[in-house]
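Okay, so here's the structure we're looking at.
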Amino acid sequence: NVFVKHSRTNDDMQIDIAHMRSLIDGNTVAIVGSCCQYSHGAVDDIEEMAKVALRHNIGLHVDCCLGGFLVPFMEQAGFSLKPFDFRVKGVTSISCDPHKYGFAPKGSSVVMFSNKALRHHMYCYLTQWSGGIYATPTMTGSRAGGPVAATWASMCKFGVAGYVETTRQIVGACRKISEGVRQMEGVKLIGKPEVCVVAFTTTKEGISCYSLADCMQKKFGWELASCQNPPCVHLALTLPTSKNADQFLLDLKESVKIVFAEPKGFTSTAGMYGMAASLPSSFLEDAAATYLDAMSEAISSVPAKAGA
């Protein structure tokens, strides 16, 4: 019987604190903020959210899955960022994905708690099982040791100094690209890029941002993620792309010229998202389920041998 209430966002795509506060009632168990969120790279005001959480005696979870190996090192790398972690009284849990900017394999995601008592609520116990007393630190049961060991090796390889340097390159490139987009005609930033994601859309009526993304892929090989509500595309910076920030801006500027001159030349993604915006969620869920079913289908027939 747990469900989610969605808060509005402000012009910087951060949680609207006043609206979030209005959603809290006697049944609220926790609020969630991001540092940074996936779609637009926005960093929520965790300090203000913590004040709300403390006032209502509820939990505050900080989603650092994307920025978990960047935001802790930003200050050492020369970038300012408001406190977001357990230094902020009221933050009760933080999630982090080492397989992103920690450069580790998938399967090693982490959730941290501000104290042991909270962590104990994640444990799963079977004390009356006929097979004996069983306890596991998560609801998912057994976890492969390989990804955990590989994650430890990655952390030892990079060390604090290594992560500070990768943060300096990635965040620096993110801010360079965001400033370039801000000054470029034909596009505008969505949100306030602070860490590793730059989101933008087109400013000319009738020209889709998805067409611009298609052009960037077909003409220059850039893979931009398509987002919605509001329509936009984003670039998530990595170490390779951070070294090519100047080239990205040049290619984006050229793509704007191409798409504005030939708006119907790049319509594959634009058509899909344009149609999706007009369809009910239930239909989209059914379509997504059909797609996943197709991916999971076993091949029943063996391909014929050559020359048979």
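Chain identifiers are assigned as A, B, and so on, following the order in which chains appear in the structure tokens; residues are numbered from 1 within each chain, and ligands are numbered from 1 in order of appearance.
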Which residues of stretch 112-159 of chain A come within 12 Å of stretch 67-73 of chain A, and what is each one's closest atom pair and distance in Å (one decimal), counting only C-alpha atoms, sorted by chain and residue number, as a Markdown table?
| residue | atom | partner | partner_atom | distance |
| --- | --- | --- | --- | --- |
| A:Met112 | CA | A:Gly68 | CA | 11.4 |
| A:Ser154 | CA | A:Phe69 | CA | 11.8 |
| A:Met155 | CA | A:Phe69 | CA | 10.0 |
| A:Phe158 | CA | A:Phe69 | CA | 11.0 |
| A:Gly159 | CA | A:Phe69 | CA | 11.1 |
Within 9 Å of A:Glu223 using only C-alpha atoms, minus same-chain residues under 4 positions, as a ChimeraX atom specification: /A:213-214,216-217,235
For the residues in the current selection, export N, CA, C and O atoms as a PDB file, in the first residue's frame.
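Below you can see result-v6.pdb, which holds the result:
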ATOM      1  N   ALA A 213      18.536  15.412 -32.756  1.00  0.00           N
ATOM      2  CA  ALA A 213      19.292  14.263 -32.250  1.00  0.00           C
ATOM      3  C   ALA A 213      19.559  13.256 -33.354  1.00  0.00           C
ATOM      4  O   ALA A 213      20.652  12.681 -33.441  1.00  0.00           O
ATOM      5  N   ASP A 214      18.559  13.015 -34.217  1.00  0.00           N
ATOM      6  CA  ASP A 214      18.749  12.097 -35.344  1.00  0.00           C
ATOM      7  C   ASP A 214      19.854  12.594 -36.267  1.00  0.00           C
ATOM      8  O   ASP A 214      20.667  11.809 -36.763  1.00  0.00           O
ATOM      9  N   MET A 216      22.379  14.576 -35.432  1.00  0.00           N
ATOM     10  CA  MET A 216      23.664  14.434 -34.745  1.00  0.00           C
ATOM     11  C   MET A 216      24.188  13.003 -34.839  1.00  0.00           C
ATOM     12  O   MET A 216      25.399  12.779 -34.963  1.00  0.00           O
ATOM     13  N   GLN A 217      23.259  12.022 -34.808  1.00  0.00           N
ATOM     14  CA  GLN A 217      23.681  10.630 -34.888  1.00  0.00           C
ATOM     15  C   GLN A 217      24.098  10.251 -36.307  1.00  0.00           C
ATOM     16  O   GLN A 217      25.153   9.649 -36.519  1.00  0.00           O
ATOM     17  N   LEU A 235      22.898  14.965 -23.488  1.00  0.00           N
ATOM     18  CA  LEU A 235      24.196  14.302 -23.596  1.00  0.00           C
ATOM     19  C   LEU A 235      24.687  14.029 -22.187  1.00  0.00           C
ATOM     20  O   LEU A 235      24.810  14.953 -21.379  1.00  0.00           O
TER      21      LEU A 235
END
Among listed residues A:Asp251, A:Glu75, A:Asp25, A:Glu47, nearest A:Val91 (using only C-alpha atoms):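 Residue with the minimum atom-to-atom distance to A:Val91: A:Glu47.
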Residue contacts of A:Ala77 (8 Å, only C-alpha atoms) excluding same-chain residues fewer than 4 positions away, as number ranges by chain: A: 73, 164-165, 167-168
Preceding selection exported with N, CA and C atoms as a PDB file, in the first residue's frame:
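Final output, result.pdb:
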ATOM      1  N   PHE A  73      33.509  14.333  -5.253  1.00  0.00           N
ATOM      2  CA  PHE A  73      34.851  14.806  -5.578  1.00  0.00           C
ATOM      3  C   PHE A  73      34.855  16.188  -6.233  1.00  0.00           C
ATOM      4  N   VAL A 164      39.076  12.296  -8.549  1.00  0.00           N
ATOM      5  CA  VAL A 164      39.096  13.770  -8.603  1.00  0.00           C
ATOM      6  C   VAL A 164      39.435  14.237 -10.013  1.00  0.00           C
ATOM      7  N   GLU A 165      40.382  13.579 -10.654  1.00  0.00           N
ATOM      8  CA  GLU A 165      40.778  13.969 -12.010  1.00  0.00           C
ATOM      9  C   GLU A 165      39.679  13.687 -13.028  1.00  0.00           C
ATOM     10  N   THR A 167      36.547  13.571 -12.404  1.00  0.00           N
ATOM     11  CA  THR A 167      35.505  14.559 -12.103  1.00  0.00           C
ATOM     12  C   THR A 167      35.854  15.907 -12.717  1.00  0.00           C
ATOM     13  N   ARG A 168      37.114  16.293 -12.607  1.00  0.00           N
ATOM     14  CA  ARG A 168      37.551  17.578 -13.172  1.00  0.00           C
ATOM     15  C   ARG A 168      37.304  17.607 -14.682  1.00  0.00           C
TER      16      ARG A 168
END
Length of the atom CA of A:Ser281 to atom CA of A:Ser22 vector [Å]: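 Value for the atom CA of A:Ser281-atom CA of A:Ser22 distance: 25.9 Å.
Compared by their closest atoms to A:Asp246, and using only C-alpha atoms, the residues A:Arg87, A:Arg119, A:Arg175, A:Arg8 rank with A:Arg175 nearest.
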Backbone DSSP call of alpha helix (DSSP H) for stretch 47-294 of chain A, listed as an MDAnalysis selection string: chainID A and resid 47:56 116:120 145:183 209:220 239:242 245:261 268:276 281:294
Store the residues picked out above, limited to C-alpha atoms, as a tab-separated table (two decimals), in the first residue's frame.
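Result file out04.tsv:
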chain	number	residue	atom	x	y	z
A	47	GLU	CA	19.47	21.07	2.48
A	48	GLU	CA	15.97	22.53	2.15
A	49	MET	CA	14.46	19.09	1.67
A	50	ALA	CA	16.23	17.91	4.83
A	51	LYS	CA	14.61	20.72	6.83
A	52	VAL	CA	11.20	19.53	5.61
A	53	ALA	CA	12.02	15.90	6.43
A	54	LEU	CA	13.12	16.78	9.96
A	55	ARG	CA	10.06	18.94	10.54
A	56	HIS	CA	7.77	16.03	9.61
A	116	LYS	CA	22.62	0.84	11.49
A	117	ALA	CA	19.05	0.88	12.77
A	118	LEU	CA	17.77	2.04	9.38
A	119	ARG	CA	19.96	-0.46	7.57
A	120	HIS	CA	18.45	-3.30	9.59
A	145	GLY	CA	30.81	-11.81	-5.66
A	146	GLY	CA	32.48	-11.17	-9.04
A	147	PRO	CA	31.06	-7.68	-9.66
A	148	VAL	CA	31.74	-6.70	-6.06
A	149	ALA	CA	35.39	-7.76	-6.33
A	150	ALA	CA	35.75	-6.00	-9.69
A	151	THR	CA	34.24	-2.83	-8.21
A	152	TRP	CA	36.75	-2.94	-5.36
A	153	ALA	CA	39.55	-3.36	-7.91
A	154	SER	CA	38.31	-0.35	-9.90
A	155	MET	CA	38.18	1.79	-6.77
A	156	CYS	CA	41.67	0.75	-5.78
A	157	LYS	CA	42.94	1.45	-9.31
A	158	PHE	CA	41.52	4.98	-9.52
A	159	GLY	CA	41.75	6.00	-5.89
A	160	VAL	CA	40.67	9.42	-4.64
A	161	ALA	CA	43.17	11.22	-6.87
A	162	GLY	CA	41.94	9.35	-9.94
A	163	TYR	CA	38.29	10.12	-9.27
A	164	VAL	CA	39.10	13.77	-8.60
A	165	GLU	CA	40.78	13.97	-12.01
A	166	THR	CA	37.95	12.23	-13.88
A	167	THR	CA	35.50	14.56	-12.10
A	168	ARG	CA	37.55	17.58	-13.17
A	169	GLN	CA	37.42	16.47	-16.81
A	170	ILE	CA	33.76	15.40	-16.93
A	171	VAL	CA	32.23	18.26	-14.92
A	172	GLY	CA	34.48	20.76	-16.70
A	173	ALA	CA	33.32	19.51	-20.10
A	174	CYS	CA	29.68	19.50	-18.95
A	175	ARG	CA	29.86	23.15	-17.95
A	176	LYS	CA	31.74	24.09	-21.13
A	177	ILE	CA	29.09	22.44	-23.32
A	178	SER	CA	26.22	23.93	-21.31
A	179	GLU	CA	27.67	27.41	-21.75
A	180	GLY	CA	28.13	26.78	-25.47
A	181	VAL	CA	24.51	25.64	-25.80
A	182	ARG	CA	23.36	28.68	-23.82
A	183	GLN	CA	25.01	30.99	-26.35
A	209	CYS	CA	14.63	18.36	-30.81
A	210	TYR	CA	14.40	14.68	-31.72
A	211	SER	CA	15.11	15.52	-35.36
A	212	LEU	CA	18.19	17.37	-34.16
A	213	ALA	CA	19.29	14.26	-32.25
A	214	ASP	CA	18.75	12.10	-35.34
A	215	CYS	CA	20.91	14.48	-37.36
A	216	MET	CA	23.66	14.43	-34.75
A	217	GLN	CA	23.68	10.63	-34.89
A	218	LYS	CA	23.51	10.19	-38.65
A	219	LYS	CA	25.87	13.01	-39.61
A	220	PHE	CA	28.38	13.02	-36.78
A	239	LEU	CA	35.58	10.52	-20.24
A	240	PRO	CA	35.79	10.09	-24.05
A	241	THR	CA	33.13	12.71	-24.77
A	242	SER	CA	34.64	15.13	-22.24
A	245	ALA	CA	33.55	19.03	-25.93
A	246	ASP	CA	34.66	21.55	-28.55
A	247	GLN	CA	33.88	19.12	-31.38
A	248	PHE	CA	30.44	18.42	-29.93
A	249	LEU	CA	29.56	22.10	-29.97
A	250	LEU	CA	30.78	22.46	-33.56
A	251	ASP	CA	28.75	19.44	-34.66
A	252	LEU	CA	25.67	20.65	-32.79
A	253	LYS	CA	25.89	24.06	-34.43
A	254	GLU	CA	26.17	22.45	-37.85
A	255	SER	CA	23.27	20.08	-37.09
A	256	VAL	CA	21.06	23.01	-36.15
A	257	LYS	CA	21.76	24.57	-39.57
A	258	ILE	CA	21.04	21.29	-41.38
A	259	VAL	CA	17.79	20.50	-39.56
A	260	PHE	CA	16.46	24.05	-39.73
A	261	ALA	CA	17.11	24.03	-43.48
A	268	SER	CA	12.49	8.79	-37.15
A	269	THR	CA	12.73	9.53	-33.42
A	270	ALA	CA	10.57	12.64	-33.72
A	271	GLY	CA	7.75	10.60	-35.20
A	272	MET	CA	7.87	7.99	-32.46
A	273	TYR	CA	7.85	10.47	-29.59
A	274	GLY	CA	5.29	12.66	-31.30
A	275	MET	CA	2.92	9.71	-31.54
A	276	ALA	CA	3.68	8.57	-27.96
A	281	SER	CA	-0.09	5.40	-20.71
A	282	SER	CA	-1.89	2.06	-20.65
A	283	PHE	CA	-1.38	1.63	-24.40
A	284	LEU	CA	2.30	2.55	-24.12
A	285	GLU	CA	2.75	0.03	-21.29
A	286	ASP	CA	1.16	-2.71	-23.41
A	287	ALA	CA	3.44	-1.82	-26.32
A	288	ALA	CA	6.49	-1.88	-24.07
A	289	ALA	CA	5.42	-5.27	-22.68
A	290	THR	CA	5.11	-6.65	-26.22
A	291	TYR	CA	8.61	-5.40	-26.99
A	292	LEU	CA	10.04	-7.04	-23.86
A	293	ASP	CA	8.18	-10.28	-24.65
A	294	ALA	CA	9.77	-10.31	-28.09
